[in-house]
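J.: Mind having a look at this structure? Questions to follow.
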Amino acid sequence: MSFPDLKDRPMKDTICLFDVDETLTPARRPASPQMLDLLVKLRQKCAIGYVGGSDLLKQQEQLGTPSIPVTTLFDFCFPENGLTAFRLGQPLTSTSFLQHLGEANYQKLAKFCLRYISELEGLPAMRGTFIEFRNGMINVSPVGRNASKADRDEFNKWDEQSGCRTKFVEVLRKEFADLGLTYSIGGQISFDVFPNGWDKTFCLRHVENEKNVSGIEYKKIHFFGDKTFKGGNDYEIYEDKRTIGHSVDGPADTMRIVKDLFQL
């Protein structure tokens, strides 16, 4: 599939950015053929990109195929909130959480999280990989990222009742107030920890820099996400004055809004 050059798109001053889980795909599941087909049609009109907290490998599993790299399906790919970034399939400069925080501070934070999880009462399951280290953040999961779909659903129900992740984040904010960190709850089972300002708005610096690369200035930046409430991992970019925010209730809702907005 070929697409017009960015400067030749009918709406060349417009870009649509999408969260991944529960926006383009069900949580940690592949995107539907209908969603991928809609993105192809949208890409004929304007630039498209995604911005997610997970790393590129997970996004490849959800959005790409064994023979099609996810970086070819979008004009801009922003794994880890854009701390790792791709433009038209080519990598851009990346940024490191560990370099920013330092090994000593990182270990204090990691050990505290593991100790806190070990003392939680009532967890419906514990499945391993409680801290996932990423280039631009850490992802903390009380149930563990190795949880099955059933484990995830069960934990999510328990979390809604117990407020586990919200309480965990409140404790970390107090304990590590001096480190300048942001805590962002997303998906079903985890929350992200990253330096202040390294939320999803981080990717906007790449979008704004496009005027220095191709001369295109994106005057309309649409963002679609499901965790747009305060404390959710889409909140900052949804509320940012540079974006036009759309709060969605799952992939079907995303498709409905996109079709209406862009007459697809």
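Simple scheme: letters A, B, ... for chains in structure tokens order, numbers from 1 for residues in each chain, numbers from 1 for ligands in the order shown.
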Excluding same-chain residues fewer than 6 positions from Val248 of chain A, what lies within 8 Å of it counting only C-alpha atoms, as number ranges by chain?
T.: A: 23, 224-226, 254
J.: Write the residues of the preceding selection, restricted to N, CA and C atoms, as a tab-separated table (two decimals), in the first residue's frame.
T.:
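What ended up in part08.tsv:
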```
chain	number	residue	atom	x	y	z
A	23	THR	N	-8.06	1.83	22.70
A	23	THR	CA	-8.33	2.91	21.75
A	23	THR	C	-8.26	2.36	20.32
A	224	PHE	N	-6.68	10.70	20.34
A	224	PHE	CA	-7.75	9.79	20.76
A	224	PHE	C	-7.22	8.88	21.86
A	225	GLY	N	-7.91	8.85	23.00
A	225	GLY	CA	-7.47	8.00	24.10
A	225	GLY	C	-8.61	7.66	25.04
A	226	ASP	N	-8.43	6.59	25.82
A	226	ASP	CA	-9.49	6.17	26.74
A	226	ASP	C	-9.22	6.57	28.19
A	254	THR	N	-13.72	4.62	18.94
A	254	THR	CA	-12.69	5.31	18.15
A	254	THR	C	-13.06	5.33	16.67
```
J.: Could you give me, as CSV, a per-residue list for segment 172-244 of chain A showing, wherever an atom lies at most 12 Å from an atom of segment 26-36 of chain A, the closest pair of atoms and their distance in Å to one decimal, using only C-alpha atoms and sorting by chain then residue number from low to high?
T.:
```
residue,atom,partner,partner_atom,distance
A:Gly186,CA,A:Ala27,CA,10.1
A:Gly187,CA,A:Ala27,CA,6.6
A:Gln188,CA,A:Ala27,CA,7.4
A:Ile189,CA,A:Ala27,CA,10.0
A:Ser190,CA,A:Ala27,CA,11.8
A:Asp226,CA,A:Ala27,CA,11.0
```
J.: Could you save those same residues with N, CA and C atoms as a short mmCIF file (atom, residue, chain, number, x, y, z; two decimals), in the first residue's frame?
T.:
```cif
data_model
loop_
_atom_site.label_atom_id
_atom_site.label_comp_id
_atom_site.auth_asym_id
_atom_site.auth_seq_id
_atom_site.Cartn_x
_atom_site.Cartn_y
_atom_site.Cartn_z
N GLY A 186 -2.65 3.25 33.69
CA GLY A 186 -3.16 2.93 32.36
C GLY A 186 -3.42 1.45 32.22
N GLY A 187 -4.22 1.06 31.24
CA GLY A 187 -4.52 -0.34 31.01
C GLY A 187 -5.27 -0.97 32.16
N GLN A 188 -5.15 -2.28 32.28
CA GLN A 188 -5.89 -3.02 33.30
C GLN A 188 -5.08 -3.34 34.55
N ILE A 189 -3.76 -3.42 34.43
CA ILE A 189 -3.02 -4.07 35.52
C ILE A 189 -1.83 -3.29 36.05
N SER A 190 -1.55 -2.10 35.54
CA SER A 190 -0.26 -1.49 35.88
C SER A 190 -0.34 0.02 35.91
N ASP A 226 -8.43 6.59 25.82
CA ASP A 226 -9.49 6.17 26.74
C ASP A 226 -9.22 6.57 28.19
#
```
J.: Just how far from atom CA of Ile48 of chain A is atom CA of Pro69 of chain A, in Å to one decimal?
T.: 15.4 Å
J.: What's the separation between atom CA of Arg127 of chain A and atom CA of Glu170 of chain A, in Å to one decimal place?
T.: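 Pair atom CA of Arg127 of chain A / atom CA of Glu170 of chain A returns 23.5 Å.
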J.: What's around Gly122 of chain A at 10 Å? Count only C-alpha atoms, leave out sequence neighbours fewer than 3 positions away in its own chain, and write the answer as number ranges by chain.
T.: A: 119, 125, 158, 162, 164
J.: Please produce a file of the residues just selected, as an mmCIF file, in the first residue's frame, where the atoms kept are all heavy atoms.
T.:
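Output below, filename result-v7.cif:
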```cif
data_model
loop_
_atom_site.group_PDB
_atom_site.id
_atom_site.type_symbol
_atom_site.label_atom_id
_atom_site.label_comp_id
_atom_site.auth_asym_id
_atom_site.auth_seq_id
_atom_site.Cartn_x
_atom_site.Cartn_y
_atom_site.Cartn_z
ATOM 1 N N GLU A 119 3.848 -7.179 50.133
ATOM 2 C CA GLU A 119 3.058 -7.044 51.361
ATOM 3 C C GLU A 119 1.584 -6.757 51.088
ATOM 4 O O GLU A 119 0.799 -6.576 52.028
ATOM 5 C CB GLU A 119 3.657 -5.918 52.216
ATOM 6 C CG GLU A 119 5.067 -6.240 52.711
ATOM 7 C CD GLU A 119 5.739 -5.068 53.415
ATOM 8 O OE1 GLU A 119 5.133 -3.973 53.442
ATOM 9 O OE2 GLU A 119 6.861 -5.248 53.929
ATOM 10 N N ALA A 125 -4.094 -12.710 42.213
ATOM 11 C CA ALA A 125 -3.047 -13.525 41.578
ATOM 12 C C ALA A 125 -1.732 -12.755 41.607
ATOM 13 O O ALA A 125 -1.719 -11.531 41.740
ATOM 14 C CB ALA A 125 -3.421 -13.866 40.139
ATOM 15 N N TRP A 158 -10.843 -6.324 40.872
ATOM 16 C CA TRP A 158 -10.400 -6.166 42.263
ATOM 17 C C TRP A 158 -9.805 -4.783 42.495
ATOM 18 O O TRP A 158 -10.046 -4.145 43.515
ATOM 19 C CB TRP A 158 -9.381 -7.253 42.604
ATOM 20 C CG TRP A 158 -8.830 -7.149 43.998
ATOM 21 C CD1 TRP A 158 -9.447 -7.517 45.154
ATOM 22 C CD2 TRP A 158 -7.544 -6.631 44.378
ATOM 23 N NE1 TRP A 158 -8.632 -7.278 46.230
ATOM 24 C CE2 TRP A 158 -7.461 -6.727 45.786
ATOM 25 C CE3 TRP A 158 -6.469 -6.116 43.666
ATOM 26 C CZ2 TRP A 158 -6.328 -6.312 46.491
ATOM 27 C CZ3 TRP A 158 -5.350 -5.706 44.363
ATOM 28 C CH2 TRP A 158 -5.281 -5.799 45.759
ATOM 29 N N SER A 162 -10.783 -2.138 45.272
ATOM 30 C CA SER A 162 -9.822 -1.889 46.349
ATOM 31 C C SER A 162 -9.044 -0.588 46.199
ATOM 32 O O SER A 162 -8.499 -0.064 47.181
ATOM 33 C CB SER A 162 -8.810 -3.043 46.413
ATOM 34 O OG SER A 162 -8.001 -3.069 45.235
ATOM 35 N N CYS A 164 -6.274 -0.359 44.591
ATOM 36 C CA CYS A 164 -4.883 -0.778 44.803
ATOM 37 C C CYS A 164 -3.883 0.121 44.096
ATOM 38 O O CYS A 164 -2.953 0.642 44.711
ATOM 39 C CB CYS A 164 -4.708 -2.225 44.341
ATOM 40 S SG CYS A 164 -2.991 -2.804 44.340
#
```
J.: Can you list, as a ChimeraX atom specification, every protein, DNA or RNA residue that comes within 12 Å of segment 242-247 of chain A when you count only C-alpha atoms, leaving out same-chain residues fewer than 4 positions away?
T.: /A:14-19,22-23,200-201,203-205,207-208,218-229,232,234-238,251,253-258,261
J.: Please give the complete set of residues from segment 6-212 of chain A that DSSP, run on the backbone, assigns to alpha helix (DSSP H), formatted as JSON, numbers by chain.
T.: {"A": [33, 34, 35, 36, 37, 38, 39, 40, 41, 42, 43, 44, 45, 56, 57, 58, 59, 60, 61, 62, 63, 97, 98, 99, 100, 101, 103, 104, 105, 106, 107, 108, 109, 110, 111, 112, 113, 114, 115, 116, 117, 118, 149, 150, 151, 152, 153, 154, 155, 156, 157, 158, 159, 160, 161, 162, 164, 165, 166, 167, 168, 169, 170, 171, 172, 173, 174, 175, 204, 205, 206, 207, 208, 210, 211, 212]}
J.: Compile the contact shell of Met137 of chain A as number ranges by chain: residues with an atom at most 8 Å away, counting only C-alpha atoms, same-chain residues fewer than 3 positions apart removed.
T.: A: 80, 97, 133-134, 192-195
J.: Got time to write the residues from that selection, C-alpha atoms, as an mmCIF file, in the first residue's frame?
T.:
```cif
data_model
loop_
_atom_site.group_PDB
_atom_site.id
_atom_site.type_symbol
_atom_site.label_atom_id
_atom_site.label_comp_id
_atom_site.auth_asym_id
_atom_site.auth_seq_id
_atom_site.Cartn_x
_atom_site.Cartn_y
_atom_site.Cartn_z
ATOM 1 C CA GLU A 80 7.198 4.677 25.427
ATOM 2 C CA PHE A 97 15.012 6.925 31.994
ATOM 3 C CA PHE A 133 12.158 -1.703 32.749
ATOM 4 C CA ARG A 134 11.742 0.353 29.599
ATOM 5 C CA ASP A 192 3.893 3.913 34.536
ATOM 6 C CA VAL A 193 6.592 5.860 36.366
ATOM 7 C CA PHE A 194 8.639 8.455 34.481
ATOM 8 C CA PRO A 195 10.263 11.883 34.987
#
```
J.: Tell me, which residues of segment 60-255 of chain A carry DSSP strand (DSSP E), written as a compact mmCIF listing (two decimals) with all heavy atoms, in the first residue's frame?
T.:
```txt
# COMPACT_ATOMS: atom_id res chain seq x y z
N PHE A 76 4.07 8.20 12.04
CA PHE A 76 4.84 8.43 13.26
C PHE A 76 4.50 7.36 14.28
O PHE A 76 3.32 7.09 14.53
CB PHE A 76 4.52 9.82 13.85
CG PHE A 76 4.91 10.96 12.95
CD1 PHE A 76 4.01 11.47 12.02
CD2 PHE A 76 6.18 11.53 13.03
CE1 PHE A 76 4.36 12.51 11.18
CE2 PHE A 76 6.54 12.58 12.19
CZ PHE A 76 5.63 13.06 11.26
N CYS A 77 5.52 6.75 14.86
CA CYS A 77 5.33 5.73 15.90
C CYS A 77 6.04 6.21 17.17
O CYS A 77 7.23 6.54 17.12
CB CYS A 77 5.91 4.39 15.48
SG CYS A 77 5.12 3.69 14.01
N PHE A 78 5.29 6.25 18.26
CA PHE A 78 5.85 6.76 19.51
C PHE A 78 5.69 5.74 20.63
O PHE A 78 4.85 5.88 21.53
CB PHE A 78 5.17 8.07 19.89
CG PHE A 78 5.35 9.18 18.88
CD1 PHE A 78 4.25 9.85 18.35
CD2 PHE A 78 6.61 9.55 18.46
CE1 PHE A 78 4.41 10.87 17.43
CE2 PHE A 78 6.79 10.57 17.54
CZ PHE A 78 5.69 11.24 17.02
N PHE A 86 9.75 6.92 15.84
CA PHE A 86 10.03 6.60 14.44
C PHE A 86 9.24 7.54 13.55
O PHE A 86 8.07 7.83 13.81
CB PHE A 86 9.64 5.15 14.12
CG PHE A 86 10.45 4.13 14.87
CD1 PHE A 86 10.10 3.77 16.16
CD2 PHE A 86 11.55 3.53 14.28
CE1 PHE A 86 10.85 2.83 16.86
CE2 PHE A 86 12.30 2.58 14.96
CZ PHE A 86 11.95 2.24 16.26
N ARG A 87 9.89 8.01 12.51
CA ARG A 87 9.23 8.84 11.49
C ARG A 87 9.40 8.15 10.15
O ARG A 87 10.52 7.89 9.71
CB ARG A 87 9.86 10.24 11.43
CG ARG A 87 9.30 11.12 10.33
CD ARG A 87 10.10 12.41 10.18
NE ARG A 87 9.55 13.26 9.13
CZ ARG A 87 9.86 13.15 7.83
NH1 ARG A 87 10.73 12.23 7.42
NH2 ARG A 87 9.30 13.96 6.94
N GLN A 90 11.83 5.32 10.13
CA GLN A 90 13.21 5.56 10.54
C GLN A 90 13.27 6.05 11.99
O GLN A 90 12.48 6.90 12.39
CB GLN A 90 13.87 6.60 9.62
CG GLN A 90 13.95 6.17 8.18
CD GLN A 90 14.68 4.85 7.99
OE1 GLN A 90 15.80 4.68 8.48
NE2 GLN A 90 14.07 3.91 7.29
N PRO A 91 14.21 5.50 12.79
CA PRO A 91 14.28 5.89 14.20
C PRO A 91 14.75 7.32 14.40
O PRO A 91 15.60 7.82 13.66
CB PRO A 91 15.29 4.90 14.78
CG PRO A 91 16.14 4.47 13.62
CD PRO A 91 15.22 4.48 12.44
N ILE A 131 7.99 -5.46 37.79
CA ILE A 131 8.55 -4.21 37.29
C ILE A 131 9.14 -4.48 35.92
O ILE A 131 10.02 -5.33 35.76
CB ILE A 131 9.65 -3.65 38.21
CG1 ILE A 131 9.09 -3.33 39.59
CG2 ILE A 131 10.28 -2.40 37.61
CD1 ILE A 131 10.13 -2.83 40.56
N GLU A 132 8.64 -3.77 34.92
CA GLU A 132 9.18 -3.90 33.57
C GLU A 132 9.99 -2.64 33.27
O GLU A 132 9.45 -1.54 33.26
CB GLU A 132 8.06 -4.08 32.56
CG GLU A 132 8.57 -4.30 31.14
CD GLU A 132 7.46 -4.65 30.18
OE1 GLU A 132 6.81 -3.70 29.67
OE2 GLU A 132 7.22 -5.84 29.93
N PHE A 133 11.26 -2.82 33.03
CA PHE A 133 12.16 -1.70 32.75
C PHE A 133 12.09 -1.37 31.27
O PHE A 133 12.27 -2.23 30.42
CB PHE A 133 13.59 -2.08 33.15
CG PHE A 133 14.57 -0.96 32.98
CD1 PHE A 133 14.71 0.00 33.96
CD2 PHE A 133 15.34 -0.86 31.84
CE1 PHE A 133 15.62 1.04 33.82
CE2 PHE A 133 16.25 0.18 31.68
CZ PHE A 133 16.39 1.12 32.68
N ILE A 138 9.54 3.05 33.93
CA ILE A 138 9.30 1.69 34.41
C ILE A 138 7.78 1.51 34.49
O ILE A 138 7.03 2.45 34.70
CB ILE A 138 9.94 1.39 35.77
CG1 ILE A 138 9.43 2.32 36.87
CG2 ILE A 138 11.45 1.40 35.68
CD1 ILE A 138 9.85 1.89 38.28
N ASN A 139 7.36 0.28 34.28
CA ASN A 139 5.95 -0.07 34.38
C ASN A 139 5.81 -1.02 35.56
O ASN A 139 6.50 -2.04 35.64
CB ASN A 139 5.47 -0.75 33.09
CG ASN A 139 4.03 -1.18 33.16
OD1 ASN A 139 3.72 -2.31 33.50
ND2 ASN A 139 3.12 -0.26 32.83
N VAL A 140 4.94 -0.67 36.50
CA VAL A 140 4.78 -1.43 37.74
C VAL A 140 3.43 -2.12 37.73
O VAL A 140 2.39 -1.48 37.50
CB VAL A 140 4.89 -0.51 38.97
CG1 VAL A 140 4.74 -1.31 40.26
CG2 VAL A 140 6.21 0.25 38.96
N LEU A 181 9.06 12.73 39.76
CA LEU A 181 8.49 11.67 38.94
C LEU A 181 6.98 11.83 38.77
O LEU A 181 6.30 12.37 39.64
CB LEU A 181 8.77 10.30 39.58
CG LEU A 181 10.24 9.90 39.69
CD1 LEU A 181 10.39 8.61 40.48
CD2 LEU A 181 10.87 9.76 38.30
N THR A 182 6.49 11.36 37.65
CA THR A 182 5.06 11.31 37.37
C THR A 182 4.60 9.86 37.40
O THR A 182 5.32 8.96 36.93
CB THR A 182 4.75 11.93 36.00
OG1 THR A 182 5.04 13.33 36.03
CG2 THR A 182 3.28 11.75 35.62
N TYR A 183 3.42 9.63 37.94
CA TYR A 183 2.85 8.28 38.03
C TYR A 183 1.54 8.28 37.25
O TYR A 183 0.66 9.10 37.51
CB TYR A 183 2.61 7.90 39.49
CG TYR A 183 3.86 8.01 40.32
CD1 TYR A 183 4.21 9.22 40.92
CD2 TYR A 183 4.71 6.92 40.50
CE1 TYR A 183 5.37 9.34 41.67
CE2 TYR A 183 5.87 7.03 41.24
CZ TYR A 183 6.20 8.25 41.82
OH TYR A 183 7.35 8.36 42.56
N SER A 184 1.39 7.37 36.32
CA SER A 184 0.26 7.40 35.41
C SER A 184 -0.37 6.01 35.30
O SER A 184 0.28 5.05 34.87
CB SER A 184 0.74 7.88 34.04
OG SER A 184 -0.34 8.05 33.17
N ILE A 185 -1.63 5.91 35.70
CA ILE A 185 -2.34 4.64 35.65
C ILE A 185 -2.91 4.41 34.26
O ILE A 185 -3.58 5.28 33.71
CB ILE A 185 -3.48 4.62 36.69
CG1 ILE A 185 -2.90 4.72 38.11
CG2 ILE A 185 -4.32 3.35 36.56
CD1 ILE A 185 -3.94 4.91 39.19
N GLY A 186 -2.65 3.25 33.69
CA GLY A 186 -3.16 2.93 32.36
C GLY A 186 -3.42 1.45 32.22
O GLY A 186 -2.90 0.63 32.98
N SER A 190 -1.55 -2.10 35.54
CA SER A 190 -0.26 -1.49 35.88
C SER A 190 -0.34 0.02 35.91
O SER A 190 -1.37 0.62 35.63
CB SER A 190 0.80 -1.94 34.86
OG SER A 190 0.46 -1.46 33.57
N PHE A 191 0.79 0.64 36.25
CA PHE A 191 0.96 2.08 36.10
C PHE A 191 2.38 2.37 35.69
O PHE A 191 3.30 1.57 35.94
CB PHE A 191 0.58 2.83 37.39
CG PHE A 191 1.37 2.44 38.61
CD1 PHE A 191 2.58 3.07 38.92
CD2 PHE A 191 0.92 1.45 39.47
CE1 PHE A 191 3.31 2.73 40.05
CE2 PHE A 191 1.64 1.10 40.61
CZ PHE A 191 2.83 1.73 40.90
N ASP A 192 2.58 3.51 35.02
CA ASP A 192 3.89 3.91 34.54
C ASP A 192 4.52 4.92 35.49
O ASP A 192 3.81 5.71 36.12
CB ASP A 192 3.79 4.55 33.15
CG ASP A 192 3.27 3.58 32.10
OD1 ASP A 192 3.53 2.37 32.23
OD2 ASP A 192 2.61 4.03 31.15
N VAL A 193 5.84 4.90 35.56
CA VAL A 193 6.59 5.86 36.37
C VAL A 193 7.66 6.47 35.46
O VAL A 193 8.45 5.74 34.85
CB VAL A 193 7.27 5.19 37.58
CG1 VAL A 193 7.95 6.24 38.45
CG2 VAL A 193 6.26 4.38 38.39
N PHE A 194 7.69 7.80 35.37
CA PHE A 194 8.64 8.45 34.48
C PHE A 194 8.89 9.87 34.98
O PHE A 194 8.12 10.41 35.79
CB PHE A 194 8.11 8.48 33.04
CG PHE A 194 6.67 8.91 32.92
CD1 PHE A 194 6.32 10.25 32.87
CD2 PHE A 194 5.66 7.96 32.88
CE1 PHE A 194 5.00 10.65 32.77
CE2 PHE A 194 4.33 8.35 32.78
CZ PHE A 194 4.00 9.70 32.72
N PRO A 195 9.97 10.51 34.55
CA PRO A 195 10.26 11.88 34.99
C PRO A 195 9.15 12.86 34.59
O PRO A 195 8.48 12.65 33.57
CB PRO A 195 11.57 12.22 34.27
CG PRO A 195 12.21 10.89 34.01
CD PRO A 195 11.06 9.96 33.73
N LYS A 220 -3.44 21.20 13.43
CA LYS A 220 -4.52 20.43 14.07
C LYS A 220 -3.96 19.07 14.47
O LYS A 220 -3.65 18.24 13.61
CB LYS A 220 -5.70 20.26 13.12
CG LYS A 220 -6.38 21.56 12.75
CD LYS A 220 -7.53 21.33 11.78
CE LYS A 220 -8.19 22.64 11.37
NZ LYS A 220 -9.28 22.43 10.39
N ILE A 221 -3.81 18.87 15.78
CA ILE A 221 -3.30 17.60 16.31
C ILE A 221 -4.43 16.94 17.08
O ILE A 221 -4.76 17.32 18.21
CB ILE A 221 -2.08 17.83 17.23
CG1 ILE A 221 -0.98 18.60 16.50
CG2 ILE A 221 -1.55 16.49 17.74
CD1 ILE A 221 0.18 19.01 17.39
N HIS A 222 -5.07 15.97 16.46
CA HIS A 222 -6.15 15.22 17.12
C HIS A 222 -5.53 14.10 17.95
O HIS A 222 -4.66 13.37 17.46
CB HIS A 222 -7.10 14.62 16.08
CG HIS A 222 -7.90 15.63 15.34
ND1 HIS A 222 -9.15 16.07 15.77
CD2 HIS A 222 -7.65 16.30 14.17
CE1 HIS A 222 -9.62 16.94 14.91
NE2 HIS A 222 -8.73 17.11 13.92
N PHE A 223 -6.01 13.94 19.18
CA PHE A 223 -5.57 12.81 20.01
C PHE A 223 -6.78 12.03 20.47
O PHE A 223 -7.76 12.60 20.97
CB PHE A 223 -4.76 13.28 21.23
CG PHE A 223 -4.49 12.14 22.18
CD1 PHE A 223 -3.51 11.20 21.87
CD2 PHE A 223 -5.25 11.96 23.33
CE1 PHE A 223 -3.29 10.11 22.71
CE2 PHE A 223 -5.03 10.88 24.17
CZ PHE A 223 -4.04 9.96 23.86
N PHE A 224 -6.68 10.70 20.34
CA PHE A 224 -7.75 9.79 20.76
C PHE A 224 -7.22 8.88 21.86
O PHE A 224 -6.20 8.20 21.67
CB PHE A 224 -8.21 8.94 19.58
CG PHE A 224 -8.71 9.73 18.40
CD1 PHE A 224 -7.82 10.31 17.49
CD2 PHE A 224 -10.07 9.91 18.19
CE1 PHE A 224 -8.27 11.04 16.40
CE2 PHE A 224 -10.54 10.64 17.10
CZ PHE A 224 -9.64 11.20 16.21
N GLY A 225 -7.91 8.85 23.00
CA GLY A 225 -7.47 8.00 24.10
C GLY A 225 -8.61 7.66 25.04
O GLY A 225 -9.63 8.35 25.07
N THR A 243 -3.43 20.11 21.50
CA THR A 243 -4.18 19.01 20.90
C THR A 243 -5.68 19.24 20.93
O THR A 243 -6.19 20.03 21.72
CB THR A 243 -3.89 17.68 21.61
OG1 THR A 243 -4.44 17.74 22.95
CG2 THR A 243 -2.40 17.40 21.68
N ILE A 244 -6.37 18.53 20.05
CA ILE A 244 -7.83 18.43 20.07
C ILE A 244 -8.13 17.04 20.62
O ILE A 244 -7.92 16.03 19.94
CB ILE A 244 -8.41 18.60 18.65
CG1 ILE A 244 -7.97 19.93 18.04
CG2 ILE A 244 -9.94 18.50 18.68
CD1 ILE A 244 -8.21 20.02 16.54
N GLY A 245 -8.58 16.97 21.86
CA GLY A 245 -8.73 15.69 22.54
C GLY A 245 -10.07 15.02 22.28
O GLY A 245 -11.11 15.67 22.26
N HIS A 246 -10.02 13.70 22.10
CA HIS A 246 -11.23 12.89 21.94
C HIS A 246 -11.15 11.73 22.93
O HIS A 246 -10.27 10.88 22.83
CB HIS A 246 -11.33 12.35 20.51
CG HIS A 246 -11.25 13.40 19.44
ND1 HIS A 246 -12.35 14.14 19.06
CD2 HIS A 246 -10.20 13.86 18.71
CE1 HIS A 246 -11.99 14.99 18.11
NE2 HIS A 246 -10.69 14.84 17.88
N SER A 247 -12.07 11.70 23.87
CA SER A 247 -12.12 10.62 24.85
C SER A 247 -12.98 9.49 24.29
O SER A 247 -14.12 9.72 23.88
CB SER A 247 -12.71 11.13 26.17
OG SER A 247 -12.60 10.15 27.18
```
J.: Would you compute the distance between atom CA of Thr84 of chain A and atom CA of Thr72 of chain A? Give it in Å to one decimal.
T.: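 Rounded to one decimal, the two atoms are 15.5 Å apart.
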J.: Could you check the closest approach to Ser148 of chain A for each of A:Leu179, A:Val213, A:Leu42, A:Met126 and tell me which residue wins, using only C-alpha atoms?
T.: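 Closest to Ser148 of chain A, using only C-alpha atoms: A:Met126.
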J.: Which is closest to Asn135 of chain A among A:Leu56, A:Val169, A:Leu123, A:Ala104, if we use only C-alpha atoms?
T.: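 Among A:Leu56, A:Val169, A:Leu123, A:Ala104, it is A:Leu56 that comes nearest to Asn135 of chain A.
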